[in-house]
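Novice: Just one file: protein-v4.cif, with mmCIF, C-alpha atoms; chains and numbers go by the auth columns.
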```cif
data_data
loop_
_atom_site.group_PDB
_atom_site.id
_atom_site.type_symbol
_atom_site.label_atom_id
_atom_site.label_comp_id
_atom_site.label_asym_id
_atom_site.label_seq_id
_atom_site.Cartn_x
_atom_site.Cartn_y
_atom_site.Cartn_z
_atom_site.B_iso_or_equiv
_atom_site.auth_seq_id
_atom_site.auth_asym_id
ATOM 1 C CA MET A 1 30.728 -20.801 -32.208 0.00 1 A
ATOM 2 C CA SER A 2 33.153 -18.612 -30.317 0.00 2 A
ATOM 3 C CA VAL A 3 33.858 -19.054 -26.630 0.00 3 A
ATOM 4 C CA ILE A 4 32.198 -15.695 -25.970 0.00 4 A
ATOM 5 C CA ALA A 5 29.064 -16.754 -27.857 0.00 5 A
ATOM 6 C CA SER A 6 29.049 -20.013 -25.914 0.00 6 A
ATOM 7 C CA ASP A 7 29.322 -18.111 -22.613 0.00 7 A
ATOM 8 C CA ILE A 8 26.480 -15.836 -23.664 0.00 8 A
ATOM 9 C CA ARG A 9 24.380 -18.851 -24.643 0.00 9 A
ATOM 10 C CA CYS A 10 24.890 -20.390 -21.183 0.00 10 A
ATOM 11 C CA ALA A 11 24.014 -17.090 -19.492 0.00 11 A
ATOM 12 C CA LEU A 12 20.860 -16.712 -21.584 0.00 12 A
ATOM 13 C CA GLU A 13 19.803 -20.296 -20.890 0.00 13 A
ATOM 14 C CA ASP A 14 20.349 -19.732 -17.158 0.00 14 A
ATOM 15 C CA ALA A 15 18.373 -16.488 -17.324 0.00 15 A
ATOM 16 C CA ASN A 16 15.554 -18.189 -19.188 0.00 16 A
ATOM 17 C CA ALA A 17 15.396 -21.007 -16.620 0.00 17 A
ATOM 18 C CA ALA A 18 15.319 -18.485 -13.770 0.00 18 A
ATOM 19 C CA LEU A 19 12.582 -16.492 -15.497 0.00 19 A
ATOM 20 C CA GLU A 20 10.511 -19.633 -16.056 0.00 20 A
ATOM 21 C CA ARG A 21 10.795 -20.447 -12.352 0.00 21 A
ATOM 22 C CA LEU A 22 9.989 -16.857 -11.394 0.00 22 A
ATOM 23 C CA ALA A 23 6.869 -16.931 -13.586 0.00 23 A
ATOM 24 C CA GLU A 24 5.769 -20.146 -11.825 0.00 24 A
ATOM 25 C CA LEU A 25 6.340 -18.576 -8.418 0.00 25 A
ATOM 26 C CA LEU A 26 4.429 -15.421 -9.361 0.00 26 A
ATOM 27 C CA ALA A 27 1.506 -17.487 -10.659 0.00 27 A
ATOM 28 C CA GLY A 28 1.521 -19.442 -7.387 0.00 28 A
ATOM 29 C CA GLU A 29 1.682 -16.221 -5.410 0.00 29 A
ATOM 30 C CA CYS A 30 -1.325 -14.938 -7.369 0.00 30 A
ATOM 31 C CA ARG A 31 -3.289 -18.066 -6.431 0.00 31 A
ATOM 32 C CA LEU A 32 -2.296 -17.682 -2.770 0.00 32 A
ATOM 33 C CA LEU A 33 -3.335 -14.037 -2.762 0.00 33 A
ATOM 34 C CA GLY A 34 -6.695 -14.974 -4.253 0.00 34 A
ATOM 35 C CA GLN A 35 -7.170 -17.616 -1.570 0.00 35 A
ATOM 36 C CA ARG A 36 -6.150 -15.159 1.159 0.00 36 A
ATOM 37 C CA ALA A 37 -3.466 -17.615 2.234 0.00 37 A
ATOM 38 C CA SER A 38 -1.576 -17.265 5.466 0.00 38 A
ATOM 39 C CA PRO A 39 1.238 -14.755 5.665 0.00 39 A
ATOM 40 C CA ALA A 40 3.661 -17.661 6.259 0.00 40 A
ATOM 41 C CA GLN A 41 2.740 -19.215 2.899 0.00 41 A
ATOM 42 C CA ILE A 42 3.189 -15.925 1.085 0.00 42 A
ATOM 43 C CA GLU A 43 6.473 -15.313 2.906 0.00 43 A
ATOM 44 C CA ARG A 44 7.816 -18.684 1.682 0.00 44 A
ATOM 45 C CA VAL A 45 7.010 -17.703 -1.888 0.00 45 A
ATOM 46 C CA ALA A 46 8.701 -14.340 -1.333 0.00 46 A
ATOM 47 C CA MET A 47 11.865 -16.065 -0.114 0.00 47 A
ATOM 48 C CA ASP A 48 11.818 -18.404 -3.131 0.00 48 A
ATOM 49 C CA LYS A 49 11.398 -15.396 -5.421 0.00 49 A
ATOM 50 C CA LEU A 50 14.445 -13.730 -3.867 0.00 50 A
ATOM 51 C CA ALA A 51 16.562 -16.827 -4.508 0.00 51 A
ATOM 52 C CA VAL A 52 15.421 -16.962 -8.139 0.00 52 A
ATOM 53 C CA VAL A 53 16.089 -13.253 -8.606 0.00 53 A
ATOM 54 C CA ASP A 54 19.629 -13.834 -7.295 0.00 54 A
ATOM 55 C CA ALA A 55 20.119 -16.567 -9.908 0.00 55 A
ATOM 56 C CA LEU A 56 18.750 -14.246 -12.585 0.00 56 A
ATOM 57 C CA GLU A 57 21.138 -11.497 -11.522 0.00 57 A
ATOM 58 C CA GLN A 58 24.063 -13.941 -11.708 0.00 58 A
ATOM 59 C CA ALA A 59 23.060 -14.966 -15.234 0.00 59 A
ATOM 60 C CA GLU A 60 22.799 -11.314 -16.251 0.00 60 A
ATOM 61 C CA ALA A 61 26.217 -10.563 -14.756 0.00 61 A
ATOM 62 C CA ALA A 62 27.684 -13.497 -16.707 0.00 62 A
ATOM 63 C CA ARG A 63 26.094 -12.251 -19.951 0.00 63 A
ATOM 64 C CA ARG A 64 27.379 -8.722 -19.421 0.00 64 A
ATOM 65 C CA GLY A 65 30.808 -10.062 -18.496 0.00 65 A
ATOM 66 C CA ALA A 66 31.000 -12.118 -21.689 0.00 66 A
ATOM 67 C CA LEU A 67 29.997 -9.083 -23.746 0.00 67 A
ATOM 68 C CA TYR A 68 32.649 -7.009 -22.002 0.00 68 A
ATOM 69 C CA GLU A 69 35.283 -9.680 -22.721 0.00 69 A
ATOM 70 C CA ALA A 70 34.338 -9.493 -26.381 0.00 70 A
ATOM 71 C CA GLY A 71 34.906 -5.728 -26.325 0.00 71 A
ATOM 72 C CA TYR A 72 31.261 -4.654 -26.201 0.00 72 A
ATOM 73 C CA GLU A 73 29.552 -2.367 -23.745 0.00 73 A
ATOM 74 C CA SER A 74 27.287 -4.236 -21.359 0.00 74 A
ATOM 75 C CA GLN A 75 24.168 -2.843 -23.071 0.00 75 A
ATOM 76 C CA ALA A 76 25.298 -3.818 -26.593 0.00 76 A
ATOM 77 C CA MET A 77 23.617 -7.226 -26.888 0.00 77 A
ATOM 78 C CA GLU A 78 21.772 -6.401 -30.122 0.00 78 A
ATOM 79 C CA ARG A 79 24.990 -5.136 -31.705 0.00 79 A
ATOM 80 C CA PHE A 80 26.814 -8.310 -30.687 0.00 80 A
ATOM 81 C CA LEU A 81 24.032 -10.448 -32.175 0.00 81 A
ATOM 82 C CA GLN A 82 24.125 -8.499 -35.453 0.00 82 A
ATOM 83 C CA LEU A 83 27.872 -8.887 -35.852 0.00 83 A
ATOM 84 C CA GLU A 84 27.929 -12.527 -34.794 0.00 84 A
ATOM 85 C CA ALA A 85 24.977 -13.332 -37.069 0.00 85 A
ATOM 86 C CA ALA A 86 23.883 -15.958 -34.544 0.00 86 A
ATOM 87 C CA ALA A 87 20.198 -16.587 -35.239 0.00 87 A
ATOM 88 C CA ASP A 88 19.948 -19.157 -32.445 0.00 88 A
ATOM 89 C CA LEU A 89 21.339 -16.682 -29.897 0.00 89 A
ATOM 90 C CA THR A 90 19.016 -13.995 -31.228 0.00 90 A
ATOM 91 C CA ALA A 91 16.024 -16.298 -30.717 0.00 91 A
ATOM 92 C CA LEU A 92 17.200 -17.158 -27.199 0.00 92 A
ATOM 93 C CA TRP A 93 17.688 -13.465 -26.390 0.00 93 A
ATOM 94 C CA GLN A 94 14.205 -12.650 -27.688 0.00 94 A
ATOM 95 C CA ARG A 95 12.760 -15.445 -25.551 0.00 95 A
ATOM 96 C CA VAL A 96 14.466 -13.986 -22.476 0.00 96 A
ATOM 97 C CA LEU A 97 13.110 -10.509 -23.265 0.00 97 A
ATOM 98 C CA SER A 98 9.615 -11.903 -23.815 0.00 98 A
ATOM 99 C CA LYS A 99 9.724 -13.823 -20.546 0.00 99 A
ATOM 100 C CA LEU A 100 10.924 -10.679 -18.762 0.00 100 A
ATOM 101 C CA ARG A 101 7.843 -8.817 -20.023 0.00 101 A
ATOM 102 C CA GLU A 102 5.613 -11.677 -18.868 0.00 102 A
ATOM 103 C CA VAL A 103 7.213 -11.758 -15.421 0.00 103 A
ATOM 104 C CA ARG A 104 6.907 -7.970 -15.101 0.00 104 A
ATOM 105 C CA ALA A 105 3.174 -8.159 -15.901 0.00 105 A
ATOM 106 C CA LEU A 106 2.639 -10.979 -13.383 0.00 106 A
ATOM 107 C CA ASN A 107 4.544 -9.056 -10.720 0.00 107 A
ATOM 108 C CA GLU A 108 2.569 -5.865 -11.368 0.00 108 A
ATOM 109 C CA GLY A 109 -0.692 -7.815 -11.137 0.00 109 A
ATOM 110 C CA ASN A 110 0.328 -9.338 -7.825 0.00 110 A
ATOM 111 C CA GLY A 111 1.359 -5.917 -6.546 0.00 111 A
ATOM 112 C CA LEU A 112 -2.044 -4.530 -7.464 0.00 112 A
ATOM 113 C CA ALA A 113 -3.773 -7.426 -5.676 0.00 113 A
ATOM 114 C CA ILE A 114 -1.673 -6.799 -2.570 0.00 114 A
ATOM 115 C CA ARG A 115 -2.419 -3.059 -2.597 0.00 115 A
ATOM 116 C CA ARG A 116 -6.151 -3.740 -2.960 0.00 116 A
ATOM 117 C CA SER A 117 -6.068 -6.238 -0.110 0.00 117 A
ATOM 118 C CA GLN A 118 -4.205 -3.767 2.101 0.00 118 A
ATOM 119 C CA ALA A 119 -6.733 -1.043 1.273 0.00 119 A
ATOM 120 C CA LEU A 120 -9.613 -3.373 2.148 0.00 120 A
ATOM 121 C CA VAL A 121 -8.038 -4.395 5.443 0.00 121 A
ATOM 122 C CA GLY A 122 -7.320 -0.747 6.239 0.00 122 A
ATOM 123 C CA ALA A 123 -10.929 0.220 5.532 0.00 123 A
ATOM 124 C CA GLU A 124 -12.196 -2.645 7.691 0.00 124 A
ATOM 125 C CA LEU A 125 -9.925 -1.597 10.554 0.00 125 A
ATOM 126 C CA ARG A 126 -11.098 2.012 10.307 0.00 126 A
ATOM 127 C CA LEU A 127 -14.708 0.836 10.477 0.00 127 A
ATOM 128 C CA LEU A 128 -13.948 -1.275 13.538 0.00 128 A
ATOM 129 C CA HIS A 129 -12.486 1.811 15.197 0.00 129 A
ATOM 130 C CA GLY A 130 -15.585 3.875 14.328 0.00 130 A
ATOM 131 C CA GLU A 131 -13.812 5.909 11.671 0.00 131 A
ATOM 132 C CA PRO A 132 -15.011 6.361 8.114 0.00 132 A
ATOM 133 C CA ALA A 133 -13.862 3.506 5.909 0.00 133 A
ATOM 134 C CA ASP A 134 -13.002 6.096 3.282 0.00 134 A
ATOM 135 C CA ALA A 135 -11.653 9.533 4.104 0.00 135 A
ATOM 136 C CA ASP A 136 -14.432 11.142 2.014 0.00 136 A
ATOM 137 C CA GLU A 137 -17.175 9.003 3.517 0.00 137 A
ATOM 138 C CA ALA A 138 -19.551 10.612 5.988 0.00 138 A
ATOM 139 C CA GLN A 139 -20.699 8.684 9.037 0.00 139 A
ATOM 140 C CA TYR A 140 -23.734 9.180 11.193 0.00 140 A
ATOM 141 C CA ASP A 141 -23.358 9.579 14.925 0.00 141 A
ATOM 142 C CA ALA A 142 -25.617 8.091 17.614 0.00 142 A
ATOM 143 C CA THR A 143 -28.189 10.895 17.136 0.00 143 A
ATOM 144 C CA GLY A 144 -28.392 10.282 13.378 0.00 144 A
ATOM 145 C CA THR A 145 -26.514 13.448 12.510 0.00 145 A
ATOM 146 C CA CYS A 146 -24.044 13.294 9.677 0.00 146 A
ATOM 147 C CA GLY A 147 -20.558 14.384 10.595 0.00 147 A
ATOM 148 C CA HIS A 148 -17.609 13.438 12.720 0.00 148 A
ATOM 149 C CA THR A 149 -18.385 10.628 15.090 0.00 149 A
ATOM 150 C CA SER A 150 -17.070 10.349 18.568 0.00 150 A
ATOM 151 C CA GLY A 151 -15.308 7.191 17.537 0.00 151 A
ATOM 152 C CA GLY A 152 -16.170 3.634 18.177 0.00 152 A
ATOM 153 C CA ARG A 153 -15.033 1.404 20.864 0.00 153 A
ATOM 154 C CA MET A 154 -12.646 -1.440 20.462 0.00 154 A
ATOM 155 C CA ILE A 155 -14.473 -4.705 19.970 0.00 155 A
ATOM 156 C CA SER A 156 -12.264 -6.328 22.595 0.00 156 A
ATOM 157 C CA SER A 157 -13.589 -3.864 25.170 0.00 157 A
ATOM 158 C CA ALA A 158 -17.198 -4.952 24.660 0.00 158 A
#
```
Since I need it in another form, could you write the structure as structure tokens?
Specialist:
Amino acid sequence: MSVIASDIRCALEDANAALERLAELLAGECRLLGQRASPAQIERVAMDKLAVVDALEQAEAARRGALYEAGYESQAMERFLQLEAAADLTALWQRVLSKLREVRALNEGNGLAIRRSQALVGAELRLLHGEPADADEAQYDATGTCGHTSGGRMISSA
């Protein structure tokens, strides 16, 4: 195996390890979101995710650098694998791509859960302020008439 292929192997293994860790963190974040964990707990996971993403970016930079050293454009991984005829590297590359798709799906799911939670909290806050929970939702005023209400009062002022 050439030195370049060896460097690419190391970069792919590092990327795979980072993606495995990122998948674990995203799964943990999903559990925390479902449990409505404290913001501090979610923030710790976010900081851990940033560190793992940095490691993933370093692995990707190393892979692209090795390709460049071999005379390939940074996006030419498939071409490199074809010419090197390295089945083991091809399998490792495919595993990285598969894990990337998995991580993307986990991240999108967590993003959706966060957006839903924010929408729910926003609706609850609007209700507490005497506003419609939904912009299209009609509210009844004190006389039972449907329409714009005079607004509620802050609960703390009760």
Novice: Run the PyMOL selection byres ((chain A and resi 4-16) around 8) on the file and write out the hits as a ChimeraX atom specification.
Specialist: /A:1-3,17-20,55-56,59-60,62-63,66-67,69-70,89,92-93,95-96,99
Novice: Once 4 Å is added on each side, what centre and edge lengths in Å to one decimal does the axis-aligned box around all listed atoms of segment 37-45 of chain A have, as lines of an AutoDock Vina configuration file?
Specialist:
```
center_x = 2.2
center_y = -17.0
center_z = 2.2
size_x = 19.3
size_y = 12.5
size_z = 16.1
```
Novice: Just want the 8 Å neighbourhood of Glu102 of chain A, counted on only C-alpha atoms, with same-chain residues fewer than 4 positions away dropped. Output as number ranges by chain.
Specialist: A: 23, 98, 106
Novice: Would you mind reading off the distance between atom CA of Arg31 of chain A and atom CA of Leu97 of chain A, one decimal, in Å?
Specialist: 24.7 Å
Novice: To test your reading of the syntax: which residues would the PyMOL selection byres ((chain A and resi 34-41) around 12) return for the file shown? Reply as a PyMOL selection string.
Specialist: chain A and resi 25+27-33+42-48+109-110+112-114+116-118+121
Novice: Restricting it to C-alpha atoms, dump the selection as a PDB file, keeping the file's coordinate frame.
Specialist:
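This is the output file part_28.pdb:
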```
ATOM      1  CA  LEU A  25       6.340 -18.576  -8.418  1.00  0.00           C
ATOM      2  CA  ALA A  27       1.506 -17.487 -10.659  1.00  0.00           C
ATOM      3  CA  GLY A  28       1.521 -19.442  -7.387  1.00  0.00           C
ATOM      4  CA  GLU A  29       1.682 -16.221  -5.410  1.00  0.00           C
ATOM      5  CA  CYS A  30      -1.325 -14.938  -7.369  1.00  0.00           C
ATOM      6  CA  ARG A  31      -3.289 -18.066  -6.431  1.00  0.00           C
ATOM      7  CA  LEU A  32      -2.296 -17.682  -2.770  1.00  0.00           C
ATOM      8  CA  LEU A  33      -3.335 -14.037  -2.762  1.00  0.00           C
ATOM      9  CA  ILE A  42       3.189 -15.925   1.085  1.00  0.00           C
ATOM     10  CA  GLU A  43       6.473 -15.313   2.906  1.00  0.00           C
ATOM     11  CA  ARG A  44       7.816 -18.684   1.682  1.00  0.00           C
ATOM     12  CA  VAL A  45       7.010 -17.703  -1.888  1.00  0.00           C
ATOM     13  CA  ALA A  46       8.701 -14.340  -1.333  1.00  0.00           C
ATOM     14  CA  MET A  47      11.865 -16.065  -0.114  1.00  0.00           C
ATOM     15  CA  ASP A  48      11.818 -18.404  -3.131  1.00  0.00           C
ATOM     16  CA  GLY A 109      -0.692  -7.815 -11.137  1.00  0.00           C
ATOM     17  CA  ASN A 110       0.328  -9.338  -7.825  1.00  0.00           C
ATOM     18  CA  LEU A 112      -2.044  -4.530  -7.464  1.00  0.00           C
ATOM     19  CA  ALA A 113      -3.773  -7.426  -5.676  1.00  0.00           C
ATOM     20  CA  ILE A 114      -1.673  -6.799  -2.570  1.00  0.00           C
ATOM     21  CA  ARG A 116      -6.151  -3.740  -2.960  1.00  0.00           C
ATOM     22  CA  SER A 117      -6.068  -6.238  -0.110  1.00  0.00           C
ATOM     23  CA  GLN A 118      -4.205  -3.767   2.101  1.00  0.00           C
ATOM     24  CA  VAL A 121      -8.038  -4.395   5.443  1.00  0.00           C
TER      25      VAL A 121
END
```
